[in-house]
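See below for coords.cif, which holds mmCIF, C-alpha atoms.
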```
data_final
#
loop_
_atom_site.label_atom_id
_atom_site.label_comp_id
_atom_site.auth_asym_id
_atom_site.auth_seq_id
_atom_site.Cartn_x
_atom_site.Cartn_y
_atom_site.Cartn_z
CA MET A 26 85.00 164.66 173.07
CA LYS A 27 85.74 161.97 170.51
CA PHE A 28 83.42 161.24 167.62
CA ARG A 29 83.11 157.93 165.83
CA ARG A 30 82.63 157.87 162.12
CA LYS A 31 79.49 156.11 161.06
CA MET A 32 80.05 153.27 158.62
CA PRO A 33 78.00 153.48 155.40
CA ILE A 34 74.99 151.18 155.39
CA ALA A 35 76.31 149.26 152.36
CA VAL A 36 79.59 148.55 154.16
CA LEU A 37 77.72 147.39 157.26
CA ALA A 38 75.59 145.08 155.11
CA ILE A 39 78.68 143.52 153.55
CA VAL A 40 80.36 143.06 156.93
CA ALA A 41 77.21 141.43 158.28
CA ALA A 42 76.91 139.15 155.25
CA VAL A 43 80.54 138.03 155.52
CA GLY A 44 80.00 137.26 159.18
CA PHE A 45 76.84 135.33 158.36
CA ILE A 46 78.63 133.27 155.71
CA SER A 47 81.61 132.45 157.92
CA CYS A 48 79.77 131.85 161.21
CA GLY A 49 77.26 129.06 160.78
CA GLY A 50 75.42 130.61 157.83
CA PRO A 51 74.25 128.80 154.69
CA HIS A 52 76.10 125.69 153.61
CA PHE A 53 77.97 126.06 150.33
CA ALA A 54 79.46 123.20 148.32
CA GLU A 55 83.11 123.16 147.31
CA SER A 56 83.80 126.32 145.36
CA GLY A 57 86.27 128.26 143.28
CA SER A 58 87.51 125.65 140.82
CA GLN A 59 85.31 126.21 137.75
CA ILE A 60 86.44 129.77 137.01
CA ILE A 61 90.17 130.39 136.62
CA ASP A 62 92.21 133.46 135.79
CA ALA A 63 94.10 133.77 132.53
CA LYS A 64 97.55 133.35 134.07
CA ASP A 65 96.54 130.03 135.59
CA ALA A 66 95.00 128.98 132.29
CA LEU A 67 98.21 129.76 130.41
CA ALA A 68 100.21 127.79 132.96
CA MET A 69 97.89 124.82 132.42
CA VAL A 70 98.24 125.08 128.64
CA GLN A 71 102.03 125.35 128.82
CA LYS A 72 102.19 122.32 131.11
CA GLY A 73 100.21 120.35 128.53
CA GLY A 74 97.39 117.85 128.74
CA VAL A 75 94.56 120.35 128.31
CA VAL A 76 92.43 121.49 125.39
CA LEU A 77 92.20 125.27 125.03
CA VAL A 78 88.86 126.28 123.52
CA ASP A 79 87.98 129.61 121.95
CA ALA A 80 84.21 130.15 122.18
CA GLN A 81 84.04 133.15 119.83
CA THR A 82 82.15 133.01 116.56
CA GLY A 83 84.00 131.27 113.77
CA VAL A 84 84.63 134.59 111.99
CA LYS A 85 86.19 136.19 115.06
CA TYR A 86 88.17 133.06 115.84
CA ASN A 87 89.69 132.98 112.36
CA LYS A 88 90.69 136.61 112.73
CA GLU A 89 92.35 136.22 116.15
CA HIS A 90 92.56 133.64 118.89
CA ALA A 91 94.95 132.40 121.56
CA ASP A 92 97.67 130.28 120.05
CA GLY A 93 96.72 126.61 119.94
CA ALA A 94 93.03 127.12 120.71
CA VAL A 95 90.35 125.16 118.88
CA ASN A 96 87.06 126.84 118.13
CA ILE A 97 83.67 125.85 119.55
CA GLY A 98 81.31 128.70 118.83
CA ARG A 99 77.78 129.08 120.12
CA ALA A 100 76.35 127.83 116.85
CA ASP A 101 78.15 124.50 117.28
CA ILE A 102 76.35 123.55 120.50
CA VAL A 103 72.82 124.93 119.99
CA VAL A 104 69.85 124.48 117.70
CA ASN A 105 67.48 127.26 116.73
CA THR A 106 64.15 125.47 116.50
CA PRO A 107 61.57 125.90 117.84
CA TYR A 108 63.34 128.72 119.73
CA PRO A 109 66.81 130.26 119.39
CA ASN A 110 69.85 128.83 121.18
CA LEU A 111 68.36 125.65 122.60
CA VAL A 112 70.80 122.97 123.70
CA ALA A 113 71.91 120.65 120.90
CA ASP A 114 71.13 116.94 121.01
CA LYS A 115 73.62 114.30 122.08
CA ALA A 116 74.66 113.33 118.54
CA GLN A 117 75.50 116.91 117.57
CA PHE A 118 77.36 117.49 120.83
CA GLU A 119 79.43 114.29 120.45
CA LYS A 120 80.36 115.20 116.88
CA VAL A 121 81.62 118.63 117.99
CA MET A 122 83.71 117.16 120.81
CA GLN A 123 85.21 114.51 118.53
CA SER A 124 86.09 116.99 115.77
CA ARG A 125 87.86 119.27 118.27
CA GLY A 126 90.03 116.52 119.70
CA ILE A 127 88.22 116.41 123.04
CA SER A 128 87.86 113.04 124.76
CA ASN A 129 85.87 112.09 127.83
CA ASP A 130 88.98 112.46 129.99
CA SER A 131 90.09 115.81 128.53
CA THR A 132 90.51 118.88 130.69
CA VAL A 133 89.02 121.82 128.79
CA VAL A 134 89.75 125.48 129.47
CA ALA A 135 87.51 127.88 127.56
CA TYR A 136 87.34 131.61 126.93
CA ASP A 137 85.22 133.97 124.84
CA ASP A 138 84.90 137.64 124.00
CA SER A 139 81.33 137.97 125.32
CA LYS A 140 81.60 138.71 129.04
CA ASN A 141 82.11 135.01 129.87
CA MET A 142 78.69 133.90 128.65
CA ASP A 143 79.68 131.68 125.70
CA ALA A 144 82.45 129.93 127.61
CA ALA A 145 79.93 129.44 130.42
CA ARG A 146 77.34 128.07 128.00
CA LEU A 147 79.94 125.55 126.77
CA TRP A 148 80.72 124.62 130.41
CA TRP A 149 77.01 124.06 131.13
CA THR A 150 76.50 121.98 127.98
CA MET A 151 79.54 119.79 128.59
CA VAL A 152 78.66 119.15 132.24
CA ALA A 153 75.02 118.44 131.37
CA TYR A 154 76.23 115.79 128.93
CA GLY A 155 78.32 114.14 131.62
CA HIS A 156 81.75 115.77 131.45
CA ASP A 157 83.41 116.05 134.86
CA PRO A 158 82.75 119.63 136.09
CA GLU A 159 86.26 119.67 137.57
CA LYS A 160 87.64 119.15 134.07
CA VAL A 161 85.92 122.12 132.43
CA LYS A 162 87.16 125.62 133.28
CA VAL A 163 85.96 129.07 132.27
CA ILE A 164 88.75 131.62 131.83
CA SER A 165 87.68 134.77 133.64
CA GLY A 166 87.79 137.83 131.41
CA GLY A 167 88.04 135.96 128.14
CA LEU A 168 90.26 136.83 125.21
CA ALA A 169 91.25 140.24 126.59
CA ALA A 170 92.47 138.61 129.80
CA MET A 171 94.44 136.04 127.82
CA LYS A 172 96.17 138.83 125.91
CA ALA A 173 96.93 140.70 129.11
CA ALA A 174 98.41 137.52 130.60
CA GLY A 175 100.83 137.26 127.68
CA SER A 176 99.21 134.65 125.47
CA ALA A 177 100.50 134.54 121.92
CA MET A 178 97.82 135.17 119.29
CA SER A 179 97.16 133.33 116.06
CA SER A 180 94.80 133.56 113.09
CA GLY A 181 93.27 130.95 110.86
CA ARG A 182 91.91 127.62 112.03
CA THR A 183 93.54 125.00 114.23
CA THR A 184 92.45 121.52 113.17
CA PRO A 185 93.32 118.87 115.75
CA ALA A 186 93.26 115.11 115.25
CA SER A 187 89.76 113.78 115.87
CA SER A 188 89.05 111.94 119.09
CA SER A 189 86.58 109.51 120.59
CA TYR A 190 83.85 111.00 122.77
CA THR A 191 80.74 109.35 124.19
CA ALA A 192 78.31 111.67 125.92
CA LYS A 193 76.01 110.56 128.70
CA ASP A 194 72.29 111.20 128.54
CA PHE A 195 71.51 114.85 129.21
CA ASP A 196 71.27 115.61 132.94
CA THR A 197 67.72 116.90 133.22
CA SER A 198 68.38 118.15 136.76
CA MET A 199 70.35 121.00 135.17
CA ILE A 200 67.52 122.29 133.01
CA ALA A 201 64.05 123.73 133.65
CA THR A 202 61.18 123.25 131.25
CA LEU A 203 58.25 125.53 130.52
CA ALA A 204 56.13 123.25 132.72
CA ASP A 205 58.59 123.65 135.61
CA VAL A 206 58.46 127.44 135.39
CA LYS A 207 54.67 127.51 135.04
CA ALA A 208 54.38 125.33 138.14
CA GLN A 209 56.51 127.77 140.14
CA VAL A 210 54.50 130.76 138.91
CA ASN A 211 51.13 129.13 139.62
CA ASN A 212 52.08 127.51 142.94
CA PRO A 213 55.16 129.30 144.28
CA ASP A 214 57.57 127.19 146.33
CA SER A 215 59.40 129.30 148.91
CA ASN A 216 62.49 127.15 148.34
CA THR A 217 62.63 127.97 144.62
CA VAL A 218 63.69 131.23 142.98
CA ILE A 219 63.22 132.31 139.37
CA LEU A 220 66.20 134.48 138.45
CA ASP A 221 65.98 136.94 135.55
CA THR A 222 69.54 137.68 134.36
CA ARG A 223 68.63 140.23 131.68
CA THR A 224 69.17 143.98 131.74
CA THR A 225 67.02 146.40 133.70
CA GLU A 226 65.56 147.75 130.46
CA GLU A 227 64.50 144.28 129.35
CA VAL A 228 62.91 143.51 132.71
CA GLU A 229 60.99 146.80 132.67
CA ALA A 230 59.38 145.60 129.43
CA GLY A 231 58.12 142.46 131.17
CA THR A 232 59.32 139.44 133.10
CA ILE A 233 58.13 136.09 134.40
CA PRO A 234 55.96 136.74 137.47
CA GLY A 235 57.77 136.46 140.78
CA SER A 236 61.24 136.68 139.26
CA VAL A 237 64.21 138.13 141.13
CA HIS A 238 66.34 140.35 138.92
CA ILE A 239 70.15 140.25 138.94
CA ASP A 240 71.73 141.32 135.65
CA TYR A 241 74.36 138.78 134.62
CA GLU A 242 76.86 141.63 134.17
CA ASN A 243 76.76 142.16 137.92
CA ASN A 244 78.78 138.95 138.17
CA ASN A 245 81.67 140.75 136.46
CA PHE A 246 84.06 143.56 137.19
CA SER A 247 84.34 146.35 134.60
CA ASP A 248 87.11 144.42 132.79
CA ASN A 249 84.68 141.48 132.42
CA THR A 250 86.55 139.24 134.82
CA TYR A 251 84.27 137.41 137.22
CA ARG A 252 83.87 138.76 140.72
CA PRO A 253 85.35 136.51 143.45
CA VAL A 254 83.37 133.79 145.20
CA GLN A 255 82.78 135.75 148.40
CA GLN A 256 81.37 138.73 146.55
CA ILE A 257 79.06 136.56 144.42
CA ARG A 258 77.73 134.95 147.58
CA ILE A 259 77.11 138.29 149.26
CA ASP A 260 75.34 139.73 146.21
CA TYR A 261 72.97 136.79 145.92
CA LEU A 262 72.37 136.40 149.65
CA GLU A 263 71.30 140.06 149.72
CA LYS A 264 68.53 138.98 147.32
CA GLU A 265 67.69 136.06 149.66
CA ILE A 266 69.11 133.53 147.21
CA ASP A 267 70.94 131.01 149.37
CA PRO A 268 72.34 127.62 148.35
CA SER A 269 69.50 125.67 149.95
CA LYS A 270 67.12 127.03 147.32
CA THR A 271 66.58 125.84 143.77
CA VAL A 272 67.47 128.64 141.36
CA ILE A 273 65.84 128.64 137.91
CA MET A 274 67.62 131.21 135.78
CA PHE A 275 66.82 132.62 132.37
CA CYS A 276 67.54 135.51 130.03
CA LYS A 277 66.29 136.07 126.48
CA THR A 278 67.67 132.74 125.19
CA SER A 279 69.59 131.52 128.27
CA ILE A 280 73.10 132.24 127.04
CA ARG A 281 73.53 135.03 129.60
CA GLY A 282 71.72 132.78 132.06
CA ALA A 283 74.51 130.23 131.67
CA GLN A 284 77.04 132.86 132.75
CA SER A 285 75.11 133.32 135.99
CA TYR A 286 74.80 129.55 136.34
CA VAL A 287 78.60 129.17 136.33
CA ALA A 288 79.07 132.14 138.68
CA LEU A 289 76.75 130.48 141.20
CA TYR A 290 78.13 126.97 140.73
CA ASN A 291 81.65 128.30 141.23
CA ALA A 292 80.41 130.00 144.42
CA GLY A 293 79.16 126.73 145.88
CA TYR A 294 75.52 126.68 144.74
CA ARG A 295 74.35 123.34 143.39
CA ASN A 296 70.55 123.45 143.08
CA LEU A 297 70.66 125.22 139.75
CA LYS A 298 68.53 124.96 136.63
CA LEU A 299 68.71 126.83 133.34
CA TYR A 300 65.36 127.57 131.72
CA ASP A 301 66.54 126.91 128.19
CA GLY A 302 63.39 128.08 126.39
CA ALA A 303 63.84 131.33 128.31
CA TRP A 304 62.02 134.60 127.73
CA VAL A 305 61.54 133.97 124.00
CA GLU A 306 59.48 130.87 124.78
CA TRP A 307 57.57 132.36 127.73
CA SER A 308 56.69 135.60 125.92
CA SER A 309 55.54 133.71 122.82
CA LYS A 310 52.63 132.16 124.74
CA PRO A 311 49.73 134.66 124.95
CA SER A 312 48.10 132.65 127.73
CA LEU A 313 51.07 133.03 130.09
CA PRO A 314 51.21 135.92 132.56
CA VAL A 315 53.79 138.69 132.29
CA GLN A 316 54.80 140.86 135.21
CA MET A 317 55.51 144.56 134.58
CA PRO A 318 57.72 145.55 137.52
CA GLU A 319 57.49 149.00 139.06
CA LYS A 320 60.73 150.89 138.51
CA SER A 321 61.10 151.16 142.28
CA GLU A 322 61.34 147.36 142.43
CA LEU A 323 64.38 147.28 140.15
CA PRO A 324 67.98 147.97 141.15
CA ALA A 325 69.40 151.35 140.19
CA LEU A 326 71.91 151.39 137.36
CA ASN A 327 75.50 151.96 138.40
CA SER A 328 78.83 152.59 136.73
CA GLN A 329 79.21 148.86 136.13
CA ASP A 330 76.18 149.07 133.84
CA GLY A 331 77.92 151.76 131.79
CA SER A 332 75.55 154.56 132.78
#
```

Take the structure I supplied and represent it as structure tokens, if you would.
Amino acid sequence: MKFRRKMPIAVLAIVAAVGFISCGGPHFAESGSQIIDAKDALAMVQKGGVVLVDAQTGVKYNKEHADGAVNIGRADIVVNTPYPNLVADKAQFEKVMQSRGISNDSTVVAYDDSKNMDAARLWWTMVAYGHDPEKVKVISGGLAAMKAAGSAMSSGRTTPASSSYTAKDFDTSMIATLADVKAQVNNPDSNTVILDTRTTEEVEAGTIPGSVHIDYENNNFSDNTYRPVQQIRIDYLEKEIDPSKTVIMFCKTSIRGAQSYVALYNAGYRNLKLYDGAWVEWSSKPSLPVQMPEKSELPALNSQDGS
């Protein structure tokens, strides 16, 4: 008598999800062009006509960066009042672009050393101010991936010739306000999802009511390169987050949230909003509700979480 091995439930779920995606499942927009690997990025740089951006802090950039990269750190594109890491205004953004030699037609490829979140935050900011999303790329895996791909390293500061840059008005469809989030909490729309991208420990201490939790690090492999499009889709579809829904994502100050934003955009999701005030704004309002999830509601930690 022959016996058939039973497939693990997780494998069956993945097989089913792949079949669902490929056979008349949810409709995804064009995907896979916002996140690039380091080898492709180097090839683009060597070919010329692109601006390589290092999104580390200025101190780290001065110590070591990919040869030829200009620096746009987090502090350059945010303001810290009334809450930390809010998007900078148009005038500040234009000044940064001009001083780094970036024009409206420039193709920008960006990396960081922070699990893709600062390069992603730059991507989100540039696109929200009207830069063509096909002309801004996030280098998967950041500085470590650039080194592994053979990029030469430099120290000190690269100062390019200044350029002309005129930003468009901020695209408010890419951002969620406190009022937007309150409206979803008070009158939930089944076609809208609030996505908490923080760690399990942070969520256990309180979250916005009704949030779905997917730690932003789950978008990465252990080497901090982004997971491929198909895997991102499967992971989010398992949480019933499909591209027909509006996804409002946040973390503590929506820097990590931007990393999830780019992961989803690259996977073909388009109805995306970043709650820029994030948890620091929500939790500062005593009148707003806070959900304390049961531990059974949260995903178990795995080796990817470092536990």

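Each of A:Ala68, A:Leu299, A:Ile127, A:Val121 was compared to Ile280 of chain A using only C-alpha atoms, and A:Leu299 turns out to be the nearest.
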
Which residues of segment 44-154 of chain A have any atom within 7 Å of an atom in segment 282-293 of chain A when counting only C-alpha atoms, and what is the closest pair of atoms for each, with the distance in Å to one decimal? Order the rows by chain and rising number and write it as a Markdown table.
```
| residue | atom | partner | partner_atom | distance |
| --- | --- | --- | --- | --- |
| A:Phe53 | CA | A:Gly293 | CA | 4.7 |
| A:Ala54 | CA | A:Gly293 | CA | 4.3 |
| A:Glu55 | CA | A:Gly293 | CA | 5.5 |
| A:Ser56 | CA | A:Gly293 | CA | 4.7 |
| A:Gly57 | CA | A:Asn291 | CA | 5.1 |
| A:Ser58 | CA | A:Asn291 | CA | 6.4 |
| A:Gln59 | CA | A:Asn291 | CA | 5.5 |
| A:Ile60 | CA | A:Asn291 | CA | 6.6 |
| A:Asn141 | CA | A:Gln284 | CA | 6.2 |
| A:Met142 | CA | A:Gln284 | CA | 4.5 |
| A:Ala145 | CA | A:Gln284 | CA | 5.0 |
| A:Arg146 | CA | A:Ala283 | CA | 5.1 |
| A:Trp149 | CA | A:Ala283 | CA | 6.7 |
```

Practice task
May I have the residues within 8 Å of segment 217-226 of chain A as a list in words, using only C-alpha atoms and disregarding those fewer than 4 positions away in the same chain?
Solution key: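 The residues satisfying every condition are Val206, Gln209, Pro213, Ala230, Thr232, Ile233, Gly235, Ser236, Val237, His238, Ile239, Asp240, Tyr241, Ile266, Lys270, Thr271, Val272, Ile273, Met274, Phe275, Cys276, Lys277, Arg281, Gly282, Ser285, Leu323, Pro324 and Leu326 of chain A.
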
Write the residues you've just listed into a file as a JSON list (two decimals), in the coordinates of the input, and include C-alpha atoms for each of them.
```json
[["chain", "number", "residue", "atom", "x", "y", "z"],
["A", 206, "VAL", "CA", 58.46, 127.44, 135.39],
["A", 209, "GLN", "CA", 56.51, 127.77, 140.14],
["A", 213, "PRO", "CA", 55.16, 129.30, 144.28],
["A", 230, "ALA", "CA", 59.38, 145.60, 129.43],
["A", 232, "THR", "CA", 59.32, 139.44, 133.10],
["A", 233, "ILE", "CA", 58.13, 136.09, 134.40],
["A", 235, "GLY", "CA", 57.77, 136.46, 140.78],
["A", 236, "SER", "CA", 61.24, 136.68, 139.26],
["A", 237, "VAL", "CA", 64.21, 138.13, 141.13],
["A", 238, "HIS", "CA", 66.34, 140.35, 138.92],
["A", 239, "ILE", "CA", 70.15, 140.25, 138.94],
["A", 240, "ASP", "CA", 71.73, 141.32, 135.65],
["A", 241, "TYR", "CA", 74.36, 138.78, 134.62],
["A", 266, "ILE", "CA", 69.11, 133.53, 147.21],
["A", 270, "LYS", "CA", 67.12, 127.03, 147.32],
["A", 271, "THR", "CA", 66.58, 125.84, 143.77],
["A", 272, "VAL", "CA", 67.47, 128.64, 141.36],
["A", 273, "ILE", "CA", 65.84, 128.64, 137.91],
["A", 274, "MET", "CA", 67.62, 131.21, 135.78],
["A", 275, "PHE", "CA", 66.82, 132.62, 132.37],
["A", 276, "CYS", "CA", 67.54, 135.51, 130.03],
["A", 277, "LYS", "CA", 66.29, 136.07, 126.48],
["A", 281, "ARG", "CA", 73.53, 135.03, 129.60],
["A", 282, "GLY", "CA", 71.72, 132.78, 132.06],
["A", 285, "SER", "CA", 75.11, 133.32, 135.99],
["A", 323, "LEU", "CA", 64.38, 147.28, 140.15],
["A", 324, "PRO", "CA", 67.98, 147.97, 141.15],
["A", 326, "LEU", "CA", 71.91, 151.39, 137.36]]
```

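Candidate residues A:Ile257, A:Val112, A:Ile97, A:Val78 were compared for distance to Val161 of chain A, and the nearest is A:Val78, using only C-alpha atoms.
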
Handout entry: Selection near Pro185 of chain A, 9 Å with all atoms listed in the file, sequence-local residues under 6 positions removed, as a PyMOL selection string
Key = chain A and resi 95+124-126

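Taking atom CA of Ala192 of chain A and atom CA of Ala113 of chain A as the two end points, the separation is 12.1 Å.
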
Exercise for the section: Work out how far apart atom CA of Ser247 of chain A and atom CA of Val228 of chain A are and give it in Å to one decimal. Expected result: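 Atom-to-atom, atom CA of Ser247 of chain A and atom CA of Val228 of chain A are spaced 21.7 Å apart.
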
Problem - Hits of the PyMOL selection byres ((chain A and resi 200) around 10) in this structure, as a list in words - result: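 Selection result, ordered by chain and number: Val112, Trp149, Ala153, Phe195, Asp196, Thr197, Ser198, Met199, Ala201, Thr202, Asp205, Ile273, Met274, Leu297, Lys298, Leu299, Tyr300, Asp301 and Gly302 of chain A.
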
Shell around Val315 of chain A at 8 Å using all atoms listed in the file, local window under 2 positions removed, as an mmCIF file with C-alpha atoms, in the frame of the given file:
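Result file is around.cif:
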```cif
data_model
loop_
_atom_site.group_PDB
_atom_site.id
_atom_site.type_symbol
_atom_site.label_atom_id
_atom_site.label_comp_id
_atom_site.auth_asym_id
_atom_site.auth_seq_id
_atom_site.Cartn_x
_atom_site.Cartn_y
_atom_site.Cartn_z
ATOM 1 C CA GLY A 231 58.120 142.460 131.170
ATOM 2 C CA THR A 232 59.320 139.440 133.100
ATOM 3 C CA ILE A 233 58.130 136.090 134.400
ATOM 4 C CA PRO A 234 55.960 136.740 137.470
ATOM 5 C CA SER A 308 56.690 135.600 125.920
ATOM 6 C CA LEU A 313 51.070 133.030 130.090
ATOM 7 C CA MET A 317 55.510 144.560 134.580
#
```

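Within the file as shown, the PyMOL selection byres ((chain A and resi 190) around 10) identifies Phe118, Glu119, Lys120, Val121, Met122, Gln123, Ser124, Gly126, Ile127, Ser128, Asn129, Asp130, Ser131, Ser187, Ser188, Ser189, Thr191, Ala192 and Lys193 of chain A.
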
Handout entry: Coordinates-based distance that separates atom CA of Pro158 of chain A from atom CA of Ala177 of chain A (Å, one decimal)
Key =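 Separation between atom CA of Ala177 of chain A and atom CA of Pro158 of chain A: 27.2 Å.
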
Practice task
Identify which of the residues A:Lys72, A:Lys64, A:Ala116, A:Arg182 lies closest to Ala169 of chain A, counting all atoms listed in the file when measuring atom-to-atom distances.
Solution key: A:Lys64

Exercise for the section: Starting from the shown file, work through the PyMOL selection byres ((chain A and resi 81) around 10) and note down what comes out as a list in words. Expected result: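 Selected by the PyMOL selection byres ((chain A and resi 81) around 10) here: Val78, Asp79, Ala80, Thr82, Gly83, Val84, Lys85, Tyr86, Asn87, Glu89, His90, Asn96, Ile97, Gly98, Arg99, Ala100, Ala135, Tyr136, Asp137, Asp138, Ser139, Asp143, Ala144, Gly167 and Leu168 of chain A.
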
Please produce a file of the residues just selected, as a CSV table (one decimal), in the frame of the given file, where the atoms kept are C-alpha atoms.
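In the end it all went to result_31.csv:
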```
chain,number,residue,atom,x,y,z
A,78,VAL,CA,88.9,126.3,123.5
A,79,ASP,CA,88.0,129.6,122.0
A,80,ALA,CA,84.2,130.2,122.2
A,82,THR,CA,82.2,133.0,116.6
A,83,GLY,CA,84.0,131.3,113.8
A,84,VAL,CA,84.6,134.6,112.0
A,85,LYS,CA,86.2,136.2,115.1
A,86,TYR,CA,88.2,133.1,115.8
A,87,ASN,CA,89.7,133.0,112.4
A,89,GLU,CA,92.4,136.2,116.2
A,90,HIS,CA,92.6,133.6,118.9
A,96,ASN,CA,87.1,126.8,118.1
A,97,ILE,CA,83.7,125.8,119.6
A,98,GLY,CA,81.3,128.7,118.8
A,99,ARG,CA,77.8,129.1,120.1
A,100,ALA,CA,76.4,127.8,116.8
A,135,ALA,CA,87.5,127.9,127.6
A,136,TYR,CA,87.3,131.6,126.9
A,137,ASP,CA,85.2,134.0,124.8
A,138,ASP,CA,84.9,137.6,124.0
A,139,SER,CA,81.3,138.0,125.3
A,143,ASP,CA,79.7,131.7,125.7
A,144,ALA,CA,82.4,129.9,127.6
A,167,GLY,CA,88.0,136.0,128.1
A,168,LEU,CA,90.3,136.8,125.2
```

Handout entry: Counting only C-alpha atoms, the residue of A:Pro253, A:Trp304, A:Thr184, A:Asp194 that sits nearest Gly155 of chain A
Key =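 Residue with the minimum atom-to-atom distance to Gly155 of chain A: A:Asp194.
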
Exercise for the section: Pick out the closest residue to Ala63 of chain A from this set: A:Lys140, A:His156, A:Lys172, A:Lys88. Count only C-alpha atoms. Expected result: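 Smallest separation from Ala63 of chain A among the options: A:Lys172.
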
Exercise for the section: Quick one: everything within 10 Å of Ala66 of chain A, counting all atoms listed in the file, minus sequence neighbours fewer than 3 positions away in the same chain. Send it as a PyMOL selection string. Expected result: chain A and resi 60-63+69-72+75+77+133-136+162-165+171+174+176

How big is the axis-aligned box around the listed atoms of segment 271-274 of chain A once 8 Å is added on each side, and where is its centre? Give both in Å to one decimal, as AutoDock Vina command-line options.
```
--center_x 66.7 --center_y 128.5 --center_z 139.8 --size_x 17.8 --size_y 21.4 --size_z 24.0
```
